[in-house]
Structures are given as structure tokens and as C-alpha cells.
Amino acid sequence: MTEKLTSRFRAVFLREPEFVARAPGRIEFIGNHTDYNGGSVLGAAIDRSVWVALARRQDGIRRFASETHPGIVELPVSAMDRVVGAQSWVNYPLGVLAAMRASGIATPGGFDYMVASNVPSGAGLSSSAAIELSSCLVFLAAAGTSVPRDQLVALGRKAENEFVGVPCGILDQGVSGYGRVDSLVYIDCRGPRFDTVPLPAGSNFWIFNTHSKHALIDGLYAARHQECMEAARVIGVASLVDATPAMLAAAETKLSRTAFKRARHVIDEIARVEQAVTALRAGDLAAVGKLLVASHRSSRTWFENSTPELDFLVDGLESEKGVYGARLTGGGFGGAVMALTTEAFGEPGVKRISDAYLAKFGSRVEVIHARTGDGAALVTRGR
Ligand code: ADP
Ligand code: MG
């Protein structure tokens, strides 16, 4: 991909890039709606990335190009307003520059910038975090500076939360930043604190994206958030991470039925993340697979953020050979299912699932095969 990006850079800007960086997409492995409850989450960086190339200019002009968006966006260095309309994708790199500036970090002046990617956009694999982190790495290099990895992750998240305006948690940027081949990234969301946990080689991921999305999704997220906060208040803890199953049972009669159900999911899910870490360290992928399915069932029953489409996919995958387990990945209310599999699961199984899905729902599911990948890195350091 570096070669392809470099030759496109040459074709568009008629010069060589000085810096190239790469950052991977990610999968939410287990830990559903645990982040804002102070819990932990496991994610996987995948072997698909966003790549950014940059060469500095001395005339105070910034030019942005993407292979997926026609045209070049040209802005003076002083222009730091949000872009609206067809070229609003530049808010990702602009947001990173704004976050760097607000954090007192040196930013480059003028430059030519190009992005290329094999992370499908909007498929729940967080192409947005990948473009943020790869952009940040080339900007830092072009400004002759660097930051620790936790700050790189924080800058990407700040760009997305404050400039783009998407209230994502720390999972997306944390996994893109800390990913490692044959590993999962463990995030204790309270720090946040990052760690990696080995994943046995030969583990495969399959993503089944329904491209369905609940019309009221933002309101549903907000309601779930609110219900979790209410449950924590009634139980008498600051966050649900501090509540035990016994505390929940003791508070059951004081809790609304809804708040009880949400808390039940979150408290169990945080425990499942820890159980998954233990099972992974023991190399017991069969146990990990059971936890994935238990997570999905809990989403369906207690958190009520699954859909018939997602349930259908998980049920179908569970009975396929070579599938350890499957669950909805991401916020829910539509979106995608992730399966952890051996090499034994492949195209025949994918076809069975896809055909059955088409027959039942009358629409096609998009299937993406991925393995683990390495986290964000500067690939070319300039001449
Ligand atoms: P996801 O992060 O799940 O892929 P988002 O909606 O959060 O979905 O982010 C997708 C957005 O990120 C795109 O709409 C676009 O603005 C930006 N983006 C992702 N990849 C690219 C790319 N290769 N070129 C330009 N913009 C991109
Ligand atoms: Mg995103």
C-alpha cells in the first residue's frame, strides 16, 4: 500500500512524500457498553489500515486529497473551521491539528497530504480512528516532534469528540494505537490504561455487517447511558464497575426494571472481559468463544441492543464448524456481528450464512475477513 499511496501522491502533487504513516482499523472483541461505566474492554487491531503521506510546503497552503473523494481541498494554514458538505472528511485531519494545537503541541505549517485505505469506511471497523492516528503521526513527524503513545491515542479521540463531534469512547483510538499482531488490546477505561493479551496464532475474524441502523440510534445510546447512571446511583456506586452481582441483587427492589436489566448486562459483561483475559492467557479459545456468545445473549436479553438480524447471524454462526463464538460488535441496534474462528471456517460457511440471511431478510450482508494487525506507526521518516 505504501507504493500505491506514493505513486498516487506523485501523480496528484507532482512530488515525493516526505513522511508516511499507517494506523489499523479495529474490532470490538468483548466489552459491550462497558467503557462509560468505568469497565474494561478487549479489542483487536486488524490487518487493514489507513495510510497517510505528507510533504511539507513553504507557502502556508495545506492541500488534502483522498483516493475515495474526488478533488483536492486547499486551505490556508490559518483556516481551522469545520468543513461542511462533500469534503467534510478533511475534518478528521483538521480535527487532529486542532487537538494538537489545543494541547500545546507543535503543528506543521503548509503541506500536501494524501490518504489511502483498505479499511471500509462506516463498516464498524473504525476507519475514523485509523485516519486520525495515521494523520497525527505524519503531522508530528513533519513538525519535528513526537508524543508518547497514550497521548497519540488521546489526540485522536479529542479530534473525533470535539472537532468531528462524535462522542466515541477510548476503544477505537486505543486499539488502533496499541494493537499488535497475534494480540488483543485490553483497555481499563478508567485510566485509561492499555495492555496487550496474546491471542493464539491462526485466529481469524469474520465481520458480518448488516448495514442496518436503528433510526433512533443516538437517542437509544443516550437512554442506555442514562439508565446505567441511574442504576449506579441507586446501587450507591460512582460507576457500575464498582458494583458486584451481590450489590445488584440487594438493590433489585429499589431499581426500576429497566435500570436493573441494564446494570445486569454491564456488571456481567465487565466480569466476562476479565474471564476472557484469563481464558486467553490459558490459550483456551473454546472458553473465549463461549464468553462471546454469552455477551451477545446478554445484549439481547438485558441490554436490549441487539436486533433480529444480529441474533440470526450469531445463531447461524454458532452452529458452523470452526467458529469459536460470535457476538454483536459495537454499539448495537444494527451494525455488525463478529466471529472468532479457526482456519477451518471459510467461504462455504460464509456462503451458507449469507444465503440464509438473504433469504430471511431480503438484503445482503457484507462479509469481511481479517486477522490481527499491528498498531499505528510512522513508516517513512522523511529524507
Ligand atoms: P467507521 O469509523 O466505523 O469507519 P465513521 O463514520 O466513524 O465510520 O468514519 C468514517 C468517516 O471517516 C468517513 O465518512 C470519512 O469522513 C472518514 N474516512 C475514512 N476513511 C477515509 C479515507 N480513506 N479517505 C477520506 N476519509 C476517510
Ligand atoms: Mg468511527
# chains A, B, ... in the order shown; residues from 1 in each chain; ligands from 1

$ residues_near_ligand --ligand "ligand 2" --cutoff "7 Å" --atoms "only C-alpha atoms and all ligand atoms" --output "MDAnalysis selection string"
chainID A and resid 122 124 126:129

$ select_by_dssp --residues "range 53-290 of chain A" --states "strand (DSSP E)" --output "number ranges by chain"
A: 53-57, 61-66, 69-76, 110-117, 183-188, 193-198, 204-213

$ residues_around --residues "Glu320 in chain A" --least-positions-apart "2" --cutoff "12 Å" --atoms "only C-alpha atoms" --output "list of chain:residue names"
A:Leu313, A:Val314, A:Asp315, A:Gly316, A:Leu317, A:Glu318, A:Gly322, A:Val323, A:Tyr324, A:Gly325, A:Ala326, A:Ala339, A:Leu340, A:Thr341, A:Thr342, A:Ala344, A:Phe345, A:Gly346, A:Glu347, A:Pro348, A:Gly349, A:Val350, A:Lys351, A:Arg352, A:Ile353

$ residues_near_ligand --ligand "ligand 1" --cutoff "10 Å" --atoms "only C-alpha atoms and all ligand atoms" --output "PyMOL selection string"
chain A and resi 25-27+49-52+64-70+86-93+114-132+160+164+166+168+172+330+335

$ write_last_selection --atoms "N, CA and C atoms" --output "short mmCIF file (atom, residue, chain, number, x, y, z; two decimals), in the first residue's frame"
data_model
loop_
_atom_site.label_atom_id
_atom_site.label_comp_id
_atom_site.auth_asym_id
_atom_site.auth_seq_id
_atom_site.Cartn_x
_atom_site.Cartn_y
_atom_site.Cartn_z
N GLY A 25 -7.51 -0.42 11.38
CA GLY A 25 -8.89 -0.48 11.86
C GLY A 25 -8.94 -1.42 13.06
N ARG A 26 -10.12 -1.54 13.65
CA ARG A 26 -10.21 -2.36 14.87
C ARG A 26 -11.56 -3.07 14.97
N ILE A 27 -11.57 -4.10 15.81
CA ILE A 27 -12.81 -4.81 16.14
C ILE A 27 -13.04 -4.70 17.64
N SER A 49 -5.50 -1.12 7.11
CA SER A 49 -5.08 0.16 7.66
C SER A 49 -5.47 1.33 6.78
N VAL A 50 -5.39 2.50 7.40
CA VAL A 50 -5.42 3.78 6.68
C VAL A 50 -3.97 4.27 6.61
N TRP A 51 -3.57 4.72 5.42
CA TRP A 51 -2.20 5.20 5.21
C TRP A 51 -2.26 6.67 4.83
N VAL A 52 -1.37 7.45 5.40
CA VAL A 52 -1.32 8.88 5.08
C VAL A 52 0.10 9.25 4.66
N PHE A 64 -5.28 18.76 0.76
CA PHE A 64 -5.70 17.44 1.23
C PHE A 64 -6.32 16.66 0.08
N ALA A 65 -5.92 15.40 -0.09
CA ALA A 65 -6.53 14.56 -1.12
C ALA A 65 -6.76 13.15 -0.57
N SER A 66 -7.84 12.51 -1.03
CA SER A 66 -8.13 11.13 -0.67
C SER A 66 -8.54 10.38 -1.92
N GLU A 67 -8.09 9.13 -2.04
CA GLU A 67 -8.47 8.36 -3.23
C GLU A 67 -9.98 8.10 -3.26
N THR A 68 -10.64 8.20 -2.10
CA THR A 68 -12.08 7.92 -2.07
C THR A 68 -12.93 9.17 -2.28
N HIS A 69 -12.32 10.33 -2.30
CA HIS A 69 -13.09 11.58 -2.51
C HIS A 69 -12.45 12.37 -3.65
N PRO A 70 -13.22 12.72 -4.67
CA PRO A 70 -12.63 13.45 -5.79
C PRO A 70 -12.17 14.86 -5.38
N ALA A 86 -19.48 17.95 0.90
CA ALA A 86 -18.87 16.76 0.32
C ALA A 86 -17.44 16.53 0.79
N GLN A 87 -16.74 17.59 1.16
CA GLN A 87 -15.34 17.43 1.56
C GLN A 87 -15.16 17.39 3.06
N SER A 88 -16.24 17.09 3.79
CA SER A 88 -16.15 17.15 5.26
C SER A 88 -15.23 16.07 5.84
N TRP A 89 -14.77 15.13 5.01
CA TRP A 89 -13.81 14.14 5.51
C TRP A 89 -12.54 14.82 6.03
N VAL A 90 -12.21 16.02 5.51
CA VAL A 90 -10.98 16.69 5.97
C VAL A 90 -11.10 17.14 7.43
N ASN A 91 -12.31 17.05 8.01
CA ASN A 91 -12.43 17.38 9.43
C ASN A 91 -11.64 16.41 10.31
N TYR A 92 -11.39 15.19 9.79
CA TYR A 92 -10.58 14.25 10.60
C TYR A 92 -9.15 14.77 10.73
N PRO A 93 -8.41 15.01 9.61
CA PRO A 93 -7.07 15.58 9.81
C PRO A 93 -7.10 16.99 10.43
N MET A 114 -2.04 13.18 1.50
CA MET A 114 -2.90 12.22 0.80
C MET A 114 -3.16 11.00 1.65
N VAL A 115 -4.42 10.49 1.57
CA VAL A 115 -4.80 9.31 2.35
C VAL A 115 -5.28 8.20 1.41
N ALA A 116 -4.91 6.97 1.75
CA ALA A 116 -5.42 5.78 1.05
C ALA A 116 -5.72 4.74 2.12
N SER A 117 -6.63 3.83 1.83
CA SER A 117 -7.10 2.95 2.90
C SER A 117 -7.64 1.63 2.36
N ASN A 118 -7.48 0.57 3.13
CA ASN A 118 -8.27 -0.64 2.84
C ASN A 118 -9.14 -1.02 4.04
N VAL A 119 -9.43 -0.05 4.90
CA VAL A 119 -10.43 -0.23 5.95
C VAL A 119 -11.74 0.31 5.39
N PRO A 120 -12.75 -0.54 5.18
CA PRO A 120 -14.00 0.00 4.66
C PRO A 120 -14.56 1.05 5.62
N SER A 121 -15.01 2.15 5.04
CA SER A 121 -15.49 3.27 5.85
C SER A 121 -16.94 3.03 6.26
N GLY A 122 -17.25 3.29 7.53
CA GLY A 122 -18.61 3.15 8.01
C GLY A 122 -19.06 1.71 8.20
N ALA A 123 -18.10 0.76 8.25
CA ALA A 123 -18.45 -0.65 8.41
C ALA A 123 -18.25 -1.11 9.85
N GLY A 124 -18.03 -0.17 10.76
CA GLY A 124 -17.85 -0.52 12.16
C GLY A 124 -16.44 -0.96 12.49
N LEU A 125 -15.50 -0.73 11.56
CA LEU A 125 -14.10 -1.11 11.81
C LEU A 125 -13.25 0.09 12.18
N SER A 126 -13.91 1.21 12.40
CA SER A 126 -13.25 2.44 12.85
C SER A 126 -12.17 2.95 11.91
N SER A 127 -12.57 3.16 10.67
CA SER A 127 -11.68 3.88 9.75
C SER A 127 -11.41 5.28 10.28
N SER A 128 -12.35 5.82 11.08
CA SER A 128 -12.17 7.18 11.58
C SER A 128 -10.99 7.26 12.54
N ALA A 129 -10.88 6.34 13.48
CA ALA A 129 -9.72 6.36 14.40
C ALA A 129 -8.44 6.14 13.62
N ALA A 130 -8.50 5.29 12.59
CA ALA A 130 -7.30 4.98 11.80
C ALA A 130 -6.81 6.21 11.03
N ILE A 131 -7.75 6.99 10.50
CA ILE A 131 -7.32 8.21 9.78
C ILE A 131 -6.79 9.23 10.78
N GLU A 132 -7.37 9.28 11.96
CA GLU A 132 -6.89 10.23 12.98
C GLU A 132 -5.46 9.91 13.41
N GLU A 160 -11.92 13.48 17.33
CA GLU A 160 -13.22 12.90 16.97
C GLU A 160 -14.34 13.45 17.87
N VAL A 164 -14.82 16.66 15.10
CA VAL A 164 -15.78 15.96 14.23
C VAL A 164 -17.15 15.91 14.92
N VAL A 166 -18.19 13.37 17.22
CA VAL A 166 -18.70 12.02 17.50
C VAL A 166 -18.24 11.62 18.90
N CYS A 168 -17.30 9.16 20.66
CA CYS A 168 -16.83 7.78 20.79
C CYS A 168 -16.03 7.61 22.08
N ASP A 172 -11.75 2.83 20.12
CA ASP A 172 -11.33 2.94 18.72
C ASP A 172 -9.86 3.36 18.60
N GLY A 330 -19.69 -3.52 18.61
CA GLY A 330 -20.03 -2.10 18.54
C GLY A 330 -21.26 -1.80 19.38
N GLY A 335 -25.88 -2.69 12.79
CA GLY A 335 -24.43 -2.77 12.69
C GLY A 335 -23.97 -4.18 12.37
#

$ select_by_dssp --residues "range 79-166 of chain A" --states "alpha helix (DSSP H)" --output "PDB file with C-alpha atoms, in the first residue's frame"
ATOM      1  CA  ASN A  91     -12.432  17.381   9.435  1.00  0.00           C
ATOM      2  CA  TYR A  92     -10.580  14.252  10.598  1.00  0.00           C
ATOM      3  CA  PRO A  93      -7.068  15.583   9.806  1.00  0.00           C
ATOM      4  CA  LEU A  94      -8.142  19.160  10.650  1.00  0.00           C
ATOM      5  CA  GLY A  95      -9.516  17.947  13.982  1.00  0.00           C
ATOM      6  CA  VAL A  96      -6.182  16.297  14.753  1.00  0.00           C
ATOM      7  CA  LEU A  97      -4.345  19.553  14.003  1.00  0.00           C
ATOM      8  CA  ALA A  98      -6.798  21.436  16.243  1.00  0.00           C
ATOM      9  CA  ALA A  99      -6.323  18.873  19.045  1.00  0.00           C
ATOM     10  CA  MET A 100      -2.536  19.110  18.750  1.00  0.00           C
ATOM     11  CA  ARG A 101      -2.661  22.902  18.891  1.00  0.00           C
ATOM     12  CA  ALA A 102      -5.044  22.922  21.861  1.00  0.00           C
ATOM     13  CA  SER A 127     -11.677   3.877   9.747  1.00  0.00           C
ATOM     14  CA  SER A 128     -12.172   7.184  11.580  1.00  0.00           C
ATOM     15  CA  ALA A 129      -9.724   6.365  14.399  1.00  0.00           C
ATOM     16  CA  ALA A 130      -7.303   4.983  11.804  1.00  0.00           C
ATOM     17  CA  ILE A 131      -7.317   8.206   9.782  1.00  0.00           C
ATOM     18  CA  GLU A 132      -6.893  10.232  12.979  1.00  0.00           C
ATOM     19  CA  LEU A 133      -3.890   8.290  14.255  1.00  0.00           C
ATOM     20  CA  SER A 134      -2.117   7.999  10.902  1.00  0.00           C
ATOM     21  CA  SER A 135      -2.668  11.746  10.322  1.00  0.00           C
ATOM     22  CA  CYS A 136      -1.381  12.592  13.776  1.00  0.00           C
ATOM     23  CA  LEU A 137       1.813  10.584  13.220  1.00  0.00           C
ATOM     24  CA  VAL A 138       2.703  12.370   9.969  1.00  0.00           C
ATOM     25  CA  PHE A 139       1.837  15.776  11.458  1.00  0.00           C
ATOM     26  CA  LEU A 140       4.080  15.128  14.467  1.00  0.00           C
ATOM     27  CA  ALA A 141       6.918  13.959  12.212  1.00  0.00           C
ATOM     28  CA  ALA A 142       6.525  16.970   9.917  1.00  0.00           C
ATOM     29  CA  ARG A 149       1.545   6.541  22.604  1.00  0.00           C
ATOM     30  CA  ASP A 150      -1.136   7.298  25.200  1.00  0.00           C
ATOM     31  CA  GLN A 151      -1.091  10.929  24.084  1.00  0.00           C
ATOM     32  CA  LEU A 152      -1.322   9.940  20.406  1.00  0.00           C
ATOM     33  CA  VAL A 153      -4.450   7.965  21.294  1.00  0.00           C
ATOM     34  CA  ALA A 154      -5.856  10.869  23.328  1.00  0.00           C
ATOM     35  CA  LEU A 155      -5.255  13.343  20.469  1.00  0.00           C
ATOM     36  CA  GLY A 156      -7.148  11.130  18.023  1.00  0.00           C
ATOM     37  CA  ARG A 157     -10.055  10.806  20.404  1.00  0.00           C
ATOM     38  CA  LYS A 158     -10.094  14.534  21.130  1.00  0.00           C
TER      39      LYS A 158
END

$ residues_around --residues "range 252-254 of chain A" --least-positions-apart "5" --cutoff "9 Å" --atoms "only C-alpha atoms" --output "PyMOL selection string"
chain A and resi 234-235+247+260

$ closest_residue --among "A:Val266, A:Val185, A:Ile30, A:Leu220" --to "Leu292 in chain A" --atoms "only C-alpha atoms"
A:Ile30

$ residues_around --residues "range 190-193 of chain A" --least-positions-apart "6" --cutoff "9 Å" --atoms "only C-alpha atoms" --output "list in words"
Asp35, Tyr36, Asn37, Gly38, Gly39, Ser40, Asp150, Ile170 and Gly174 of chain A

$ closest_residue --among "A:Gly109, A:Pro245, A:Gly179, A:Pro200" --to "Ala263 in chain A" --atoms "only C-alpha atoms"
A:Pro245

$ residues_around --residues "Val197 in chain A" --least-positions-apart "6" --cutoff "9 Å" --atoms "only C-alpha atoms" --output "JSON, numbers by chain"
{"A": [42, 182, 183, 184, 185, 186, 277, 280, 281]}

$ residues_around --residues "Phe111 in chain A" --least-positions-apart "5" --cutoff "8 Å" --atoms "only C-alpha atoms" --output "ChimeraX atom specification"
/A:54-58,60-63

$ atom_distance --atom1 "CA of Asn209 in chain A" --atom2 "CA of Glu366 in chain A"
5.0 Å

$ closest_residue --among "A:Ile217, A:Ile187, A:Ala250, A:Ala259" --to "Arg233 in chain A" --atoms "only C-alpha atoms"
A:Ala259

$ atom_distance --atom1 "CA of Gly110 in chain A" --atom2 "CA of Asp81 in chain A"
16.0 Å

$ closest_residue --among "A:Arg15, A:Arg22, A:Arg300, A:Arg8" --to "Gly375 in chain A" --atoms "only C-alpha atoms"
A:Arg22

$ atom_distance --atom1 "CA of Ala279 in chain A" --atom2 "CA of Val337 in chain A"
21.4 Å
